[in-house]
>>> print(open('target-v2.cif').read())   # mmCIF, C-alpha atoms
data_structure
loop_
_atom_site.label_atom_id
_atom_site.label_comp_id
_atom_site.auth_asym_id
_atom_site.auth_seq_id
_atom_site.Cartn_x
_atom_site.Cartn_y
_atom_site.Cartn_z
CA MET V 1 16.27 61.41 53.40
CA THR V 2 17.73 64.89 53.69
CA ALA V 3 18.98 66.94 50.76
CA ALA V 4 22.54 66.47 52.02
CA GLU V 5 22.10 62.68 52.14
CA PHE V 6 20.63 62.68 48.63
CA ALA V 7 23.56 64.73 47.32
CA ARG V 8 26.01 62.28 48.88
CA LYS V 9 24.23 59.31 47.30
CA ILE V 10 24.29 60.91 43.86
CA ARG V 11 27.94 61.87 44.16
CA ASN V 12 28.81 58.39 45.39
CA ARG V 13 27.00 56.97 42.32
CA GLU V 14 24.50 55.03 44.40
CA GLN V 15 21.16 54.08 42.92
CA CYS V 16 18.29 56.50 43.57
CA VAL V 17 14.73 55.98 42.36
CA GLY V 18 12.35 58.87 41.89
CA TYR V 19 8.91 59.89 40.69
CA TRP V 20 8.10 62.57 38.10
CA VAL V 21 5.25 64.98 38.89
CA VAL V 22 3.61 67.15 36.20
CA LEU V 23 0.41 68.31 37.96
CA ASP V 24 -0.02 70.97 40.62
CA THR V 25 -1.64 68.72 43.23
CA PRO V 26 0.25 69.13 46.53
CA VAL V 27 -1.86 66.60 48.47
CA ALA V 28 -1.14 63.90 45.88
CA THR V 29 2.51 64.94 45.77
CA GLU V 30 2.76 64.57 49.55
CA ARG V 31 1.30 61.07 49.35
CA LEU V 32 3.89 60.15 46.69
CA ALA V 33 6.63 61.55 48.90
CA ARG V 34 5.58 59.14 51.67
CA LEU V 35 6.01 56.01 49.55
CA GLY V 36 9.76 55.69 49.88
CA TYR V 37 11.10 57.27 46.70
CA ASP V 38 14.52 58.84 47.08
CA TYR V 39 13.38 61.94 45.25
CA VAL V 40 10.32 63.46 43.60
CA THR V 41 10.87 65.67 40.55
CA LEU V 42 8.55 68.57 39.81
CA ASP V 43 8.44 69.32 36.09
CA GLY V 44 8.77 73.07 35.76
CA GLN V 45 9.42 72.86 32.02
CA HIS V 46 6.54 70.86 30.55
CA GLY V 47 4.49 70.21 33.68
CA LEU V 48 1.36 72.17 34.54
CA ILE V 49 3.01 73.73 37.57
CA GLY V 50 3.53 77.47 38.01
CA HIS V 51 5.91 79.26 40.37
CA ALA V 52 3.51 79.11 43.32
CA GLY V 53 2.89 75.45 42.52
CA LEU V 54 6.60 74.66 42.71
CA LEU V 55 6.74 76.15 46.18
CA SER V 56 3.63 74.39 47.49
CA ASN V 57 4.63 71.04 46.01
CA LEU V 58 8.16 71.28 47.41
CA MET V 59 6.60 71.92 50.82
CA ALA V 60 4.37 68.88 50.28
CA ILE V 61 7.40 66.72 49.47
CA ASP V 62 9.12 67.85 52.65
CA ALA V 63 5.97 67.16 54.62
CA GLY V 64 6.09 63.59 53.33
CA GLY V 65 9.39 63.23 55.14
CA ARG V 66 11.00 60.55 52.97
CA SER V 67 11.89 62.11 49.61
CA VAL V 68 13.92 65.07 48.38
CA GLY V 69 12.27 67.56 46.05
CA ILE V 70 13.99 68.18 42.72
CA VAL V 71 12.88 70.63 40.01
CA ARG V 72 13.32 70.18 36.27
CA VAL V 73 13.62 73.89 35.55
CA GLU V 74 12.31 75.47 32.38
CA SER V 75 15.74 76.64 31.21
CA GLY V 76 19.31 77.25 32.29
CA ASP V 77 18.57 80.90 33.07
CA PRO V 78 20.28 81.79 36.39
CA ALA V 79 17.10 83.47 37.68
CA VAL V 80 15.06 80.33 36.97
CA ILE V 81 17.58 78.02 38.64
CA GLY V 82 18.01 80.36 41.60
CA ARG V 83 14.26 80.63 42.15
CA ALA V 84 13.80 76.84 42.27
CA LEU V 85 16.64 76.54 44.77
CA ASP V 86 15.36 79.45 46.87
CA TYR V 87 12.01 77.64 47.07
CA GLY V 88 13.84 74.74 48.71
CA ALA V 89 14.63 72.30 45.89
CA GLY V 90 17.41 69.87 46.70
CA GLY V 91 18.63 70.11 43.12
CA VAL V 92 17.81 71.01 39.56
CA ILE V 93 17.65 69.13 36.28
CA VAL V 94 18.57 71.58 33.54
CA PRO V 95 17.10 70.87 30.08
CA LEU V 96 18.54 71.43 26.62
CA VAL V 97 22.20 71.37 27.59
CA ASP V 98 24.05 71.45 24.26
CA THR V 99 27.62 72.27 25.27
CA ALA V 100 30.07 72.18 28.14
CA ALA V 101 29.57 75.94 28.42
CA ASP V 102 25.84 75.37 28.98
CA ALA V 103 26.63 72.84 31.70
CA ALA V 104 29.16 75.17 33.33
CA ASP V 105 26.61 78.00 33.29
CA ALA V 106 24.07 75.75 35.05
CA VAL V 107 26.59 74.81 37.73
CA SER V 108 27.52 78.46 38.20
CA ALA V 109 23.87 79.46 38.56
CA ALA V 110 23.47 76.95 41.42
CA ARG V 111 26.60 77.96 43.35
CA TYR V 112 27.24 81.10 45.36
CA PRO V 113 30.31 83.32 44.78
CA SER V 114 33.19 82.84 44.53
CA GLY V 115 32.48 79.50 42.93
CA GLY V 116 29.39 80.64 41.04
CA ARG V 117 26.93 83.45 40.44
CA ARG V 118 23.85 82.47 42.43
CA SER V 119 22.27 85.53 44.01
CA TYR V 120 21.87 85.29 47.79
CA GLY V 121 18.23 85.32 48.87
CA PRO V 122 17.52 81.78 50.09
CA MET V 123 14.05 82.58 51.47
CA ARG V 124 12.48 79.20 52.28
CA SER V 125 15.56 77.13 51.43
CA SER V 126 17.38 78.66 54.40
CA LEU V 127 15.08 76.62 56.65
CA ARG V 128 16.46 73.33 55.40
CA ILE V 129 19.35 73.76 52.93
CA GLY V 130 22.07 75.99 54.28
CA PRO V 131 21.63 78.79 55.14
CA THR V 132 25.31 79.57 54.63
CA PRO V 133 26.53 79.60 51.01
CA ALA V 134 29.07 76.87 51.67
CA GLU V 135 26.41 74.54 53.12
CA ALA V 136 24.07 75.21 50.21
CA ASP V 137 26.79 74.65 47.62
CA GLU V 138 27.66 71.31 49.21
CA THR V 139 24.04 70.17 49.30
CA VAL V 140 22.53 71.25 45.98
CA VAL V 141 22.65 68.75 43.08
CA VAL V 142 22.95 69.90 39.45
CA LEU V 143 22.08 67.48 36.64
CA ALA V 144 22.41 68.32 32.93
CA MET V 145 19.73 66.93 30.64
CA ILE V 146 21.05 65.40 27.41
CA GLU V 147 18.32 65.42 24.81
CA THR V 148 19.61 67.21 21.70
CA ALA V 149 21.95 66.48 18.82
CA GLY V 150 24.31 69.11 20.20
CA GLY V 151 24.30 67.58 23.65
CA LEU V 152 25.05 64.16 22.20
CA ALA V 153 27.87 65.50 20.04
CA ASN V 154 29.47 67.27 22.99
CA ILE V 155 28.77 64.62 25.62
CA ASP V 156 32.42 64.02 26.59
CA GLU V 157 33.04 67.69 27.35
CA ILE V 158 29.69 68.05 29.16
CA CYS V 159 30.37 65.06 31.41
CA ALA V 160 33.77 66.50 32.31
CA THR V 161 32.29 69.82 33.50
CA PRO V 162 33.60 70.62 37.00
CA GLY V 163 30.85 70.71 39.61
CA LEU V 164 28.28 68.89 37.49
CA ASP V 165 26.78 66.08 39.56
CA GLY V 166 25.40 63.93 36.77
CA ILE V 167 23.68 63.48 33.43
CA TYR V 168 19.94 63.02 33.04
CA VAL V 169 18.78 61.73 29.67
CA GLY V 170 15.58 63.09 28.13
CA PRO V 171 14.55 60.01 26.11
CA SER V 172 11.68 61.59 24.18
CA ASP V 173 13.62 64.54 22.81
CA LEU V 174 16.73 62.44 22.31
CA CYS V 175 14.73 60.02 20.17
CA LEU V 176 13.56 62.95 18.03
CA ALA V 177 17.12 64.30 17.89
CA VAL V 178 18.44 61.08 16.35
CA GLY V 179 15.75 61.09 13.65
CA GLY V 180 12.69 59.57 15.30
CA ARG V 181 9.28 60.67 14.07
CA TYR V 182 7.96 60.43 17.61
CA PRO V 183 9.25 59.21 21.00
CA ASP V 184 10.00 55.46 21.07
CA ASP V 185 9.91 55.35 17.25
CA PRO V 186 11.01 51.76 16.46
CA ALA V 187 12.51 52.91 13.16
CA VAL V 188 15.42 54.51 15.03
CA ALA V 189 15.65 52.01 17.87
CA ASP V 190 19.20 50.94 17.01
CA VAL V 191 20.40 54.52 16.55
CA PHE V 192 18.75 55.49 19.83
CA GLU V 193 20.39 52.61 21.68
CA GLY V 194 23.71 53.66 20.20
CA ALA V 195 23.17 57.20 21.51
CA LEU V 196 22.44 55.85 24.98
CA GLU V 197 25.58 53.74 24.90
CA ARG V 198 27.55 56.79 23.78
CA ILE V 199 26.24 58.73 26.78
CA ARG V 200 26.90 55.85 29.16
CA THR V 201 30.49 55.50 27.98
CA ALA V 202 31.19 59.22 28.28
CA ALA V 203 29.64 59.39 31.73
CA ALA V 204 31.62 56.38 32.93
CA ALA V 205 34.84 57.91 31.65
CA ALA V 206 34.10 61.04 33.69
CA GLY V 207 33.34 58.99 36.82
CA SER V 208 29.58 59.41 36.53
CA ARG V 209 26.58 57.31 35.58
CA PRO V 210 23.62 58.69 33.67
CA ALA V 211 19.97 58.61 34.64
CA SER V 212 16.78 58.62 32.64
CA THR V 213 13.04 59.07 32.83
CA ILE V 214 10.88 56.15 31.73
CA ARG V 215 7.19 56.72 31.12
CA ALA V 216 4.72 54.31 32.67
CA GLY V 217 3.82 51.63 30.15
CA SER V 218 6.86 52.18 27.93
CA ARG V 219 9.75 49.76 27.62
CA PRO V 220 13.11 50.66 29.15
CA PRO V 221 15.71 51.12 26.40
CA GLY V 222 17.24 47.73 25.76
CA GLY V 223 20.76 49.02 26.06
CA TRP V 224 20.24 50.38 29.56
CA ARG V 225 20.52 47.91 32.41
CA ARG V 226 18.08 48.17 35.25
CA GLY V 227 19.46 48.93 38.67
CA SER V 228 20.16 45.99 40.94
CA ARG V 229 21.52 45.47 44.42
CA SER V 230 24.83 44.31 43.01
CA ARG V 231 25.19 46.90 40.24
CA PRO V 232 23.39 50.13 41.15
CA TRP V 233 22.86 51.75 37.76
CA PRO V 234 21.60 54.31 36.96
CA PRO V 235 21.73 56.39 40.15
CA ALA V 236 18.44 58.16 39.43
CA SER V 237 15.39 57.29 37.39
CA SER V 238 11.65 57.71 37.48
CA THR V 239 10.19 54.24 37.06
CA TRP V 240 13.00 51.75 36.56
CA SER V 241 11.98 49.83 39.64
CA ARG V 242 9.72 50.08 42.65
CA PRO V 243 11.01 51.14 46.05
CA ARG V 244 10.50 48.56 48.75
CA ARG V 245 7.81 50.53 50.56
CA HIS V 246 5.71 51.19 47.45
CA THR V 247 2.16 49.88 47.71
#
>>> encode(input="target-v2.cif", output="structure tokens")
Amino acid sequence: MTAAEFARKIRNREQCVGYWVVLDTPVATERLARLGYDYVTLDGQHGLIGHAGLLSNLMAIDAGGRSVGIVRVESGDPAVIGRALDYGAGGVIVPLVDTAADAADAVSAARYPSGGRRSYGPMRSSLRIGPTPAEADETVVVLAMIETAGGLANIDEICATPGLDGIYVGPSDLCLAVGGRYPDDPAVADVFEGALERIRTAAAAAGSRPASTIRAGSRPPGGWRRGSRSRPWPPASSTWSRPRRHT
């Protein structure tokens, strides 16, 4: 899958299944990228991956030839987003989006003028995404992570942000944000499910469908339906289901 094909699938609200990488191990990352996942996310926020590691692991994903490399950046800083895209990421997941202004800033950081403020210096990304600004803007995916009380309160406005390609729920932080003592705290299970439903409703109203990360061994939130052939939902997730070629 190319970055352009991945962007089209996300924007068409088709189901995509991905894998979340937190370790700087390019050989292992390349093997994962050969299994048939639509995308592989490199965690640049909490993962043990530095700047050089993002570059080498994105190259490993491309070498796998089947998946698109995505980076969960450490913040919405334009320099951070621009660096991940210059390294060749097919998109970014931006954490801690509290307001529509935060989401708009993230979109702007990923788009070249006149539609945004991304600085031109594509470096490696020019080999595969672009290199013209218009081509890059059409290909790059921007997802806003909803994981705070502010993000939940402003979810309608965030989902309606022009240029935003989708919503990615951070279940651990969101559980804490609604009063959980720790991720998956059963004491707030009903409140948490209500928050997920609130996000799903807002995303649907804006013509989008949210995605989430599910840790291995944890239960999917009961209020979130798994993707199926007949109802592809959500369009992106880490371990909701296995791709056909997974062994």
>>> atom_distance(input="target-v2.cif", atom1="atom CA of Leu176 of chain V", atom2="atom CA of Ala195 of chain V")
11.7 Å
>>> closest_atom_pairs(input="target-v2.cif", of="segment 69-166 of chain V", to="segment 30-52 of chain V", cutoff="6 Å", atoms="only C-alpha atoms", output="CSV")
residue,atom,partner,partner_atom,distance
V:Gly69,CA,V:Val40,CA,5.2
V:Ile70,CA,V:Thr41,CA,4.6
V:Val71,CA,V:Leu42,CA,4.8
V:Arg72,CA,V:Asp43,CA,5.0
V:Val73,CA,V:Gly44,CA,4.9
V:Glu74,CA,V:Gln45,CA,3.9
>>> atom_distance(input="target-v2.cif", atom1="atom CA of Val191 of chain V", atom2="atom CA of Cys16 of chain V")
27.2 Å
>>> closest_residue(input="target-v2.cif", among="V:Thr132, V:Asp24, V:Gly207, V:Ser212", to="Asn12 of chain V", atoms="all atoms listed in the file")
V:Gly207
>>> atom_distance(input="target-v2.cif", atom1="atom CA of Val94 of chain V", atom2="atom CA of Val142 of chain V")
7.5 Å
>>> residues_around(input="target-v2.cif", residues="Ala110 of chain V", least_positions_apart="6", cutoff="12 Å", atoms="all atoms listed in the file", output="number ranges by chain")
V: 73, 76-86, 89-94, 103-104, 116-120, 122, 133-134, 136-143, 163-165
>>> closest_residue(input="target-v2.cif", among="V:Pro183, V:Ala144, V:Ile129, V:Gly166", to="Ala4 of chain V", atoms="all atoms listed in the file")
V:Ile129
>>> closest_residue(input="target-v2.cif", among="V:Glu197, V:Tyr168, V:Leu174, V:Tyr87", to="Ser126 of chain V", atoms="only C-alpha atoms")
V:Tyr87
>>> residues_around(input="target-v2.cif", residues="Asp156 of chain V", least_positions_apart="3", cutoff="10 Å", atoms="all atoms listed in the file", output="list in words")
Thr99, Ala100, Gly151, Leu152, Ala153, Cys159, Ala160, Thr161, Arg198, Ile199, Thr201, Ala202, Ala203, Ala204, Ala205 and Ala206 of chain V
>>> closest_residue(input="target-v2.cif", among="V:Glu147, V:Glu14, V:Asp105, V:Asp190", to="Pro162 of chain V", atoms="all atoms listed in the file")
V:Asp105
>>> closest_residue(input="target-v2.cif", among="V:Val27, V:Met59, V:Val17, V:Ala7", to="Arg124 of chain V", atoms="only C-alpha atoms")
V:Met59
>>> resolve_selection(input="target-v2.cif", expression="the PyMOL selection byres ((chain V and resi 60) around 7)", output="ChimeraX atom specification")
/V:26-27,29-30,56-59,61-64
>>> closest_residue(input="target-v2.cif", among="V:Ile167, V:Arg181, V:Asp102, V:Ala189", to="Arg13 of chain V", atoms="all atoms listed in the file")
V:Ile167
